[in-house]
>>> print(open('input-v4.pdb').read())   # PDB, C-alpha atoms, pLDDT in the B column
MODEL        1
ATOM      1  CA  MET A 205      32.143 -39.521 150.822  1.00 36.00           C
ATOM      2  CA  LYS A 206      35.308 -40.165 152.831  1.00 40.00           C
ATOM      3  CA  LYS A 207      35.283 -43.747 151.579  1.00 41.00           C
ATOM      4  CA  LEU A 208      35.110 -42.613 147.970  1.00 34.00           C
ATOM      5  CA  LEU A 209      38.009 -40.241 148.521  1.00 33.00           C
ATOM      6  CA  PHE A 210      39.949 -43.044 150.184  1.00 36.00           C
ATOM      7  CA  MET A 211      39.145 -45.371 147.266  1.00 39.00           C
ATOM      8  CA  ALA A 212      40.216 -42.680 144.785  1.00 36.00           C
ATOM      9  CA  GLY A 213      43.456 -42.240 146.723  1.00 38.00           C
ATOM     10  CA  ALA A 214      44.053 -45.987 146.711  1.00 37.00           C
ATOM     11  CA  VAL A 215      43.426 -46.159 142.973  1.00 34.00           C
ATOM     12  CA  ALA A 216      45.772 -43.209 142.408  1.00 36.00           C
ATOM     13  CA  ALA A 217      48.454 -44.921 144.496  1.00 36.00           C
ATOM     14  CA  ALA A 218      47.977 -48.123 142.523  1.00 37.00           C
ATOM     15  CA  LEU A 219      48.256 -46.244 139.229  1.00 34.00           C
ATOM     16  CA  THR A 220      51.365 -44.466 140.452  1.00 35.00           C
ATOM     17  CA  ALA A 221      52.863 -47.818 141.388  1.00 37.00           C
ATOM     18  CA  CYS A 222      52.008 -49.157 137.924  1.00 41.00           C
ATOM     19  CA  GLY A 223      53.665 -46.117 136.348  1.00 39.00           C
ATOM     20  CA  THR A 224      56.777 -46.763 138.407  1.00 38.00           C
ATOM     21  CA  GLN A 225      56.901 -50.352 137.170  1.00 39.00           C
ATOM     22  CA  GLU A 226      56.720 -49.214 133.557  1.00 40.00           C
ATOM     23  CA  GLN A 227      59.572 -46.757 134.071  1.00 42.00           C
ATOM     24  CA  SER A 228      61.709 -49.357 135.794  1.00 43.00           C
ATOM     25  CA  GLY A 229      61.518 -51.597 132.761  1.00 45.00           C
ATOM     26  CA  ALA A 230      58.973 -54.084 134.142  1.00 47.00           C
ATOM     27  CA  PRO A 231      56.258 -54.957 131.646  1.00 47.00           C
ATOM     28  CA  ALA A 232      52.921 -53.280 132.301  1.00 47.00           C
ATOM     29  CA  GLN A 233      49.851 -55.444 132.674  1.00 48.00           C
ATOM     30  CA  GLU A 234      47.372 -55.004 129.903  1.00 47.00           C
ATOM     31  CA  GLY A 235      43.664 -55.555 130.136  1.00 45.00           C
ATOM     32  CA  PRO A 236      40.456 -53.758 130.834  1.00 51.00           C
ATOM     33  CA  VAL A 237      40.534 -51.271 133.656  1.00 51.00           C
ATOM     34  CA  GLY A 238      37.249 -51.395 135.543  1.00 58.00           C
ATOM     35  CA  ARG A 239      35.959 -48.676 137.725  1.00 61.00           C
ATOM     36  CA  ILE A 240      34.341 -49.336 141.035  1.00 59.00           C
ATOM     37  CA  GLY A 241      31.583 -46.995 142.065  1.00 61.00           C
ATOM     38  CA  ALA A 242      29.749 -46.613 145.338  1.00 57.00           C
ATOM     39  CA  SER A 243      26.895 -48.814 144.111  1.00 79.00           C
ATOM     40  CA  ASP A 244      29.383 -51.668 143.578  1.00 90.00           C
ATOM     41  CA  ILE A 245      30.311 -51.821 147.262  1.00 93.00           C
ATOM     42  CA  ALA A 246      28.288 -53.067 150.224  1.00 94.00           C
ATOM     43  CA  TYR A 247      28.886 -54.006 153.814  1.00 95.00           C
ATOM     44  CA  VAL A 248      27.291 -56.434 156.238  1.00 96.00           C
ATOM     45  CA  GLN A 249      27.206 -56.219 160.017  1.00 96.00           C
ATOM     46  CA  VAL A 250      28.008 -59.901 160.447  1.00 96.00           C
ATOM     47  CA  GLU A 251      27.758 -59.933 164.247  1.00 95.00           C
ATOM     48  CA  ALA A 252      24.300 -58.341 164.082  1.00 95.00           C
ATOM     49  CA  VAL A 253      23.116 -60.850 161.484  1.00 96.00           C
ATOM     50  CA  LEU A 254      24.317 -63.759 163.583  1.00 94.00           C
ATOM     51  CA  ALA A 255      22.887 -62.370 166.845  1.00 95.00           C
ATOM     52  CA  GLU A 256      19.500 -61.566 165.330  1.00 97.00           C
ATOM     53  CA  SER A 257      19.131 -64.670 163.173  1.00 97.00           C
ATOM     54  CA  ASP A 258      16.517 -67.317 163.850  1.00 96.00           C
ATOM     55  CA  LEU A 259      19.337 -69.859 164.059  1.00 96.00           C
ATOM     56  CA  TYR A 260      20.865 -68.036 167.005  1.00 96.00           C
ATOM     57  CA  LYS A 261      17.532 -67.280 168.664  1.00 96.00           C
ATOM     58  CA  THR A 262      16.591 -70.958 168.695  1.00 94.00           C
ATOM     59  CA  GLU A 263      19.697 -73.118 168.644  1.00 95.00           C
ATOM     60  CA  GLY A 264      22.352 -70.600 169.671  1.00 95.00           C
ATOM     61  CA  VAL A 265      20.575 -69.468 172.812  1.00 95.00           C
ATOM     62  CA  ALA A 266      19.833 -73.092 173.750  1.00 95.00           C
ATOM     63  CA  LEU A 267      23.495 -73.990 173.265  1.00 96.00           C
ATOM     64  CA  GLN A 268      24.596 -71.029 175.373  1.00 96.00           C
ATOM     65  CA  GLU A 269      22.209 -72.058 178.148  1.00 96.00           C
ATOM     66  CA  LYS A 270      23.442 -75.652 177.965  1.00 96.00           C
ATOM     67  CA  THR A 271      27.047 -74.476 178.207  1.00 96.00           C
ATOM     68  CA  GLN A 272      26.274 -72.178 181.136  1.00 96.00           C
ATOM     69  CA  LYS A 273      24.394 -74.948 182.934  1.00 96.00           C
ATOM     70  CA  ALA A 274      27.347 -77.322 182.485  1.00 95.00           C
ATOM     71  CA  GLN A 275      29.808 -74.715 183.748  1.00 95.00           C
ATOM     72  CA  ASN A 276      27.640 -74.045 186.806  1.00 96.00           C
ATOM     73  CA  SER A 277      27.378 -77.777 187.455  1.00 95.00           C
ATOM     74  CA  TRP A 278      31.146 -78.197 187.220  1.00 94.00           C
ATOM     75  CA  ALA A 279      31.725 -75.309 189.598  1.00 94.00           C
ATOM     76  CA  GLN A 280      29.247 -76.728 192.112  1.00 96.00           C
ATOM     77  CA  ARG A 281      30.715 -80.243 191.957  1.00 94.00           C
ATOM     78  CA  GLU A 282      34.214 -78.849 192.416  1.00 94.00           C
ATOM     79  CA  LYS A 283      33.062 -76.723 195.346  1.00 95.00           C
ATOM     80  CA  ASN A 284      31.388 -79.743 196.977  1.00 95.00           C
ATOM     81  CA  LEU A 285      34.517 -81.882 196.629  1.00 94.00           C
ATOM     82  CA  GLN A 286      36.688 -79.112 198.061  1.00 94.00           C
ATOM     83  CA  ALA A 287      34.290 -78.703 201.003  1.00 95.00           C
ATOM     84  CA  GLU A 288      34.358 -82.465 201.620  1.00 94.00           C
ATOM     85  CA  ALA A 289      38.168 -82.473 201.591  1.00 93.00           C
ATOM     86  CA  ALA A 290      38.243 -79.519 204.000  1.00 95.00           C
ATOM     87  CA  LYS A 291      35.823 -81.290 206.400  1.00 95.00           C
ATOM     88  CA  LEU A 292      37.963 -84.402 206.291  1.00 93.00           C
ATOM     89  CA  GLN A 293      41.073 -82.364 207.085  1.00 94.00           C
ATOM     90  CA  GLU A 294      39.274 -80.640 209.957  1.00 94.00           C
ATOM     91  CA  LYS A 295      38.066 -83.958 211.433  1.00 92.00           C
ATOM     92  CA  TYR A 296      41.568 -85.384 211.203  1.00 91.00           C
ATOM     93  CA  GLN A 297      43.155 -82.336 212.839  1.00 93.00           C
ATOM     94  CA  LYS A 298      40.648 -82.476 215.701  1.00 92.00           C
ATOM     95  CA  GLY A 299      41.466 -86.149 216.204  1.00 92.00           C
ATOM     96  CA  LEU A 300      37.912 -87.296 215.377  1.00 93.00           C
ATOM     97  CA  ILE A 301      39.088 -89.946 212.905  1.00 92.00           C
ATOM     98  CA  THR A 302      42.082 -92.233 212.709  1.00 93.00           C
ATOM     99  CA  THR A 303      44.928 -91.765 210.258  1.00 93.00           C
ATOM    100  CA  ASN A 304      43.870 -94.920 208.388  1.00 94.00           C
ATOM    101  CA  ASP A 305      40.267 -93.665 208.068  1.00 93.00           C
ATOM    102  CA  ALA A 306      41.485 -90.232 206.950  1.00 93.00           C
ATOM    103  CA  GLN A 307      43.728 -91.783 204.296  1.00 94.00           C
ATOM    104  CA  ALA A 308      40.940 -94.051 203.052  1.00 95.00           C
ATOM    105  CA  GLN A 309      38.494 -91.151 202.821  1.00 94.00           C
ATOM    106  CA  GLN A 310      41.114 -88.971 201.150  1.00 94.00           C
ATOM    107  CA  GLU A 311      41.732 -91.666 198.521  1.00 95.00           C
ATOM    108  CA  SER A 312      37.992 -91.909 197.971  1.00 95.00           C
ATOM    109  CA  ILE A 313      37.769 -88.140 197.452  1.00 94.00           C
ATOM    110  CA  GLN A 314      40.739 -88.218 195.062  1.00 95.00           C
ATOM    111  CA  LYS A 315      39.083 -90.967 193.014  1.00 95.00           C
ATOM    112  CA  ARG A 316      35.871 -88.930 192.810  1.00 94.00           C
ATOM    113  CA  VAL A 317      37.873 -85.831 191.822  1.00 93.00           C
ATOM    114  CA  ALA A 318      39.571 -87.806 189.030  1.00 95.00           C
ATOM    115  CA  ALA A 319      36.209 -89.200 187.868  1.00 94.00           C
ATOM    116  CA  TYR A 320      34.678 -85.721 187.984  1.00 93.00           C
ATOM    117  CA  GLN A 321      37.569 -84.233 185.988  1.00 94.00           C
ATOM    118  CA  ASN A 322      37.323 -86.990 183.384  1.00 95.00           C
ATOM    119  CA  SER A 323      33.570 -86.528 183.094  1.00 94.00           C
ATOM    120  CA  ALA A 324      33.858 -82.740 182.909  1.00 95.00           C
ATOM    121  CA  GLN A 325      36.552 -83.008 180.245  1.00 96.00           C
ATOM    122  CA  LYS A 326      34.378 -85.281 178.080  1.00 96.00           C
ATOM    123  CA  GLU A 327      31.381 -82.989 178.549  1.00 96.00           C
ATOM    124  CA  ALA A 328      33.517 -79.954 177.668  1.00 96.00           C
ATOM    125  CA  GLN A 329      34.770 -81.671 174.502  1.00 97.00           C
ATOM    126  CA  THR A 330      31.191 -82.441 173.489  1.00 97.00           C
ATOM    127  CA  LEU A 331      30.170 -78.824 174.094  1.00 97.00           C
ATOM    128  CA  ASP A 332      33.183 -77.566 172.141  1.00 97.00           C
ATOM    129  CA  GLU A 333      32.217 -79.777 169.222  1.00 97.00           C
ATOM    130  CA  GLU A 334      28.597 -78.593 169.370  1.00 97.00           C
ATOM    131  CA  ASN A 335      29.806 -74.965 169.404  1.00 96.00           C
ATOM    132  CA  PHE A 336      32.119 -75.667 166.466  1.00 97.00           C
ATOM    133  CA  VAL A 337      29.279 -77.219 164.445  1.00 97.00           C
ATOM    134  CA  PHE A 338      26.944 -74.344 165.337  1.00 96.00           C
ATOM    135  CA  THR A 339      29.542 -71.760 164.293  1.00 96.00           C
ATOM    136  CA  ASN A 340      30.160 -73.557 161.006  1.00 97.00           C
ATOM    137  CA  ARG A 341      26.426 -73.730 160.302  1.00 96.00           C
ATOM    138  CA  ALA A 342      26.050 -70.019 161.011  1.00 96.00           C
ATOM    139  CA  GLN A 343      28.993 -69.160 158.747  1.00 96.00           C
ATOM    140  CA  ASP A 344      27.620 -71.421 156.013  1.00 97.00           C
ATOM    141  CA  LEU A 345      24.202 -69.751 156.181  1.00 97.00           C
ATOM    142  CA  LEU A 346      25.818 -66.321 156.073  1.00 97.00           C
ATOM    143  CA  GLN A 347      28.016 -67.232 153.111  1.00 97.00           C
ATOM    144  CA  ARG A 348      25.119 -68.764 151.186  1.00 97.00           C
ATOM    145  CA  ALA A 349      22.940 -65.721 151.921  1.00 97.00           C
ATOM    146  CA  VAL A 350      25.573 -63.318 150.614  1.00 97.00           C
ATOM    147  CA  GLU A 351      26.117 -65.476 147.529  1.00 96.00           C
ATOM    148  CA  GLU A 352      22.375 -65.511 146.774  1.00 96.00           C
ATOM    149  CA  ILE A 353      22.020 -61.783 147.327  1.00 95.00           C
ATOM    150  CA  ASN A 354      24.936 -61.136 144.993  1.00 96.00           C
ATOM    151  CA  ALA A 355      24.047 -63.846 142.458  1.00 95.00           C
ATOM    152  CA  ASP A 356      23.585 -61.169 139.822  1.00 93.00           C
ATOM    153  CA  GLY A 357      27.055 -59.780 140.512  1.00 92.00           C
ATOM    154  CA  LYS A 358      25.691 -56.384 141.478  1.00 92.00           C
ATOM    155  CA  TYR A 359      28.366 -55.911 144.122  1.00 94.00           C
ATOM    156  CA  LYS A 360      32.031 -56.154 143.313  1.00 93.00           C
ATOM    157  CA  LEU A 361      32.993 -55.860 146.967  1.00 93.00           C
ATOM    158  CA  ILE A 362      31.101 -56.914 150.100  1.00 94.00           C
ATOM    159  CA  ILE A 363      32.915 -56.445 153.380  1.00 94.00           C
ATOM    160  CA  ASN A 364      32.331 -57.161 157.049  1.00 94.00           C
ATOM    161  CA  ALA A 365      31.303 -53.970 158.818  1.00 93.00           C
ATOM    162  CA  SER A 366      33.563 -54.775 161.760  1.00 92.00           C
ATOM    163  CA  ALA A 367      36.439 -53.534 159.601  1.00 83.00           C
ATOM    164  CA  LEU A 368      34.731 -50.243 158.724  1.00 89.00           C
ATOM    165  CA  ILE A 369      35.704 -46.934 160.180  1.00 90.00           C
ATOM    166  CA  ASP A 370      33.092 -44.899 158.325  1.00 91.00           C
ATOM    167  CA  ALA A 371      30.604 -45.703 155.573  1.00 90.00           C
ATOM    168  CA  ASP A 372      27.371 -44.422 154.132  1.00 90.00           C
ATOM    169  CA  THR A 373      24.391 -46.372 155.453  1.00 91.00           C
ATOM    170  CA  THR A 374      23.039 -46.816 151.931  1.00 92.00           C
ATOM    171  CA  LEU A 375      25.814 -49.379 151.444  1.00 94.00           C
ATOM    172  CA  ASN A 376      24.510 -51.475 154.355  1.00 94.00           C
ATOM    173  CA  ILE A 377      22.897 -54.718 153.164  1.00 96.00           C
ATOM    174  CA  THR A 378      22.624 -56.224 156.654  1.00 96.00           C
ATOM    175  CA  PRO A 379      18.789 -56.370 156.702  1.00 96.00           C
ATOM    176  CA  ALA A 380      18.721 -58.180 153.356  1.00 96.00           C
ATOM    177  CA  VAL A 381      21.386 -60.645 154.500  1.00 97.00           C
ATOM    178  CA  LEU A 382      19.535 -61.276 157.787  1.00 97.00           C
ATOM    179  CA  ALA A 383      16.289 -61.956 155.920  1.00 97.00           C
ATOM    180  CA  LYS A 384      18.076 -64.337 153.546  1.00 97.00           C
ATOM    181  CA  VAL A 385      19.854 -66.144 156.421  1.00 97.00           C
ATOM    182  CA  ASN A 386      16.496 -66.670 158.140  1.00 97.00           C
ATOM    183  CA  GLU A 387      14.949 -67.863 154.869  1.00 96.00           C
ATOM    184  CA  LEU A 388      17.764 -70.360 154.294  1.00 96.00           C
ATOM    185  CA  TYR A 389      17.609 -71.545 157.915  1.00 96.00           C
ATOM    186  CA  ALA A 390      13.864 -72.168 157.632  1.00 95.00           C
ATOM    187  CA  ALA A 391      14.406 -74.077 154.375  1.00 95.00           C
ATOM    188  CA  ASP A 392      17.159 -76.179 155.986  1.00 93.00           C
ATOM    189  CA  LYS A 393      14.943 -77.000 158.965  1.00 90.00           C
ATOM    190  CA  LYS A 394      12.068 -77.942 156.674  1.00 90.00           C
ATOM    191  CA  GLU A 395      14.393 -80.136 154.600  1.00 89.00           C
ATOM    192  CA  LYS A 396      15.625 -82.008 157.692  1.00 84.00           C
ATOM    193  CA  LYS A 397      12.071 -82.875 158.740  1.00 79.00           C
TER
ENDMDL
END
>>> encode(input="input-v4.pdb", output="structure tokens")
Amino acid sequence: MKKLLFMAGAVAAALTACGTQEQSGAPAQEGPVGRIGASDIAYVQVEAVLAESDLYKTEGVALQEKTQKAQNSWAQREKNLQAEAAKLQEKYQKGLITTNDAQAQQESIQKRVAAYQNSAQKEAQTLDEENFVFTNRAQDLLQRAVEEINADGKYKLIINASALIDADTTLNITPAVLAKVNELYAADKKEKK
């Protein structure tokens, strides 16, 4: 109900603005004035659709696990190299190795650090690209689902629920969008095989 009052207020403000334009000498726009009712508006909880979709449950979770595994691997490799450098420093300070040996081992560690950083950077770029592709696929599925659900033009306005402050739950088309996203994802998978 609050939304309808807000919409009515917005329409009244728009009409007032139009009236002001006419009085100021600006030409008024002519054409049909349509009315938007509650049944013309819907909202979708986009984050919920994406989190509950079959796409996310299969490929999204796998990608998250792959990313987490890579990050853990990077952290461990970095920790190991730091520990090796600390041991070298300790041996040198105790006088257990010569300056030449310490410098040679330090250069070796620096080369491995550079190789590790290069490798990690390439792996991170690959993961970023995979995440980008996944996100685009999810957005494409969502867009196609909404377009199919509204193919008949029933809704004049469909908004993301993340922008809502308050709305009647009868305007929520999230379950229908989720079902359509899963249907489209299954069709895409079948088509690829």
>>> resolve_selection(input="input-v4.pdb", expression="the PyMOL selection byres ((chain A and resi 302-318) around 9)", output="JSON list (two decimals) with C-alpha atoms, in the frame of the given file")
[["chain", "number", "residue", "atom", "x", "y", "z"],
["A", 282, "GLU", "CA", 34.21, -78.85, 192.42],
["A", 285, "LEU", "CA", 34.52, -81.88, 196.63],
["A", 288, "GLU", "CA", 34.36, -82.46, 201.62],
["A", 289, "ALA", "CA", 38.17, -82.47, 201.59],
["A", 292, "LEU", "CA", 37.96, -84.40, 206.29],
["A", 293, "GLN", "CA", 41.07, -82.36, 207.08],
["A", 295, "LYS", "CA", 38.07, -83.96, 211.43],
["A", 296, "TYR", "CA", 41.57, -85.38, 211.20],
["A", 299, "GLY", "CA", 41.47, -86.15, 216.20],
["A", 300, "LEU", "CA", 37.91, -87.30, 215.38],
["A", 301, "ILE", "CA", 39.09, -89.95, 212.90],
["A", 319, "ALA", "CA", 36.21, -89.20, 187.87],
["A", 320, "TYR", "CA", 34.68, -85.72, 187.98],
["A", 321, "GLN", "CA", 37.57, -84.23, 185.99],
["A", 322, "ASN", "CA", 37.32, -86.99, 183.38],
["A", 323, "SER", "CA", 33.57, -86.53, 183.09]]
>>> atom_distance(input="input-v4.pdb", atom1="atom CA of A:Val385", atom2="atom CA of A:Ala367")
21.1 Å
>>> closest_residue(input="input-v4.pdb", among="A:Ala328, A:Val253, A:Leu259, A:Leu346", to="A:Tyr389", atoms="all atoms listed in the file")
A:Leu259
>>> resolve_selection(input="input-v4.pdb", expression="the PyMOL selection byres ((chain A and resi 334-344) around 10)", output="list in words")
Val250, Val253, Leu254, Ser257, Leu259, Tyr260, Glu263, Gly264, Leu267, Gln268, Thr271, Ala328, Gln329, Thr330, Leu331, Asp332, Glu333, Leu345, Leu346, Gln347, Arg348, Ala349, Val350, Val385 and Tyr389 of chain A
>>> write_last_selection(input="input-v4.pdb", atoms="C-alpha atoms", output="PDB file, in the frame of the given file")
ATOM      1  CA  VAL A 250      28.008 -59.901 160.447  1.00 96.00           C
ATOM      2  CA  VAL A 253      23.116 -60.850 161.484  1.00 96.00           C
ATOM      3  CA  LEU A 254      24.317 -63.759 163.583  1.00 94.00           C
ATOM      4  CA  SER A 257      19.131 -64.670 163.173  1.00 97.00           C
ATOM      5  CA  LEU A 259      19.337 -69.859 164.059  1.00 96.00           C
ATOM      6  CA  TYR A 260      20.865 -68.036 167.005  1.00 96.00           C
ATOM      7  CA  GLU A 263      19.697 -73.118 168.644  1.00 95.00           C
ATOM      8  CA  GLY A 264      22.352 -70.600 169.671  1.00 95.00           C
ATOM      9  CA  LEU A 267      23.495 -73.990 173.265  1.00 96.00           C
ATOM     10  CA  GLN A 268      24.596 -71.029 175.373  1.00 96.00           C
ATOM     11  CA  THR A 271      27.047 -74.476 178.207  1.00 96.00           C
ATOM     12  CA  ALA A 328      33.517 -79.954 177.668  1.00 96.00           C
ATOM     13  CA  GLN A 329      34.770 -81.671 174.502  1.00 97.00           C
ATOM     14  CA  THR A 330      31.191 -82.441 173.489  1.00 97.00           C
ATOM     15  CA  LEU A 331      30.170 -78.824 174.094  1.00 97.00           C
ATOM     16  CA  ASP A 332      33.183 -77.566 172.141  1.00 97.00           C
ATOM     17  CA  GLU A 333      32.217 -79.777 169.222  1.00 97.00           C
ATOM     18  CA  LEU A 345      24.202 -69.751 156.181  1.00 97.00           C
ATOM     19  CA  LEU A 346      25.818 -66.321 156.073  1.00 97.00           C
ATOM     20  CA  GLN A 347      28.016 -67.232 153.111  1.00 97.00           C
ATOM     21  CA  ARG A 348      25.119 -68.764 151.186  1.00 97.00           C
ATOM     22  CA  ALA A 349      22.940 -65.721 151.921  1.00 97.00           C
ATOM     23  CA  VAL A 350      25.573 -63.318 150.614  1.00 97.00           C
ATOM     24  CA  VAL A 385      19.854 -66.144 156.421  1.00 97.00           C
ATOM     25  CA  TYR A 389      17.609 -71.545 157.915  1.00 96.00           C
TER      26      TYR A 389
END
>>> closest_residue(input="input-v4.pdb", among="A:Leu375, A:Val381, A:Ala290, A:Ala324", to="A:Ser277", atoms="all atoms listed in the file")
A:Ala324
>>> atom_distance(input="input-v4.pdb", atom1="atom CA of A:Lys273", atom2="atom CA of A:Lys261")
17.6 Å
>>> closest_residue(input="input-v4.pdb", among="A:Ile353, A:Glu327, A:Ala252, A:Glu294", to="A:Lys270", atoms="all atoms listed in the file")
A:Glu327
>>> atom_distance(input="input-v4.pdb", atom1="atom CA of A:Lys298", atom2="atom CA of A:Ala279")
28.5 Å
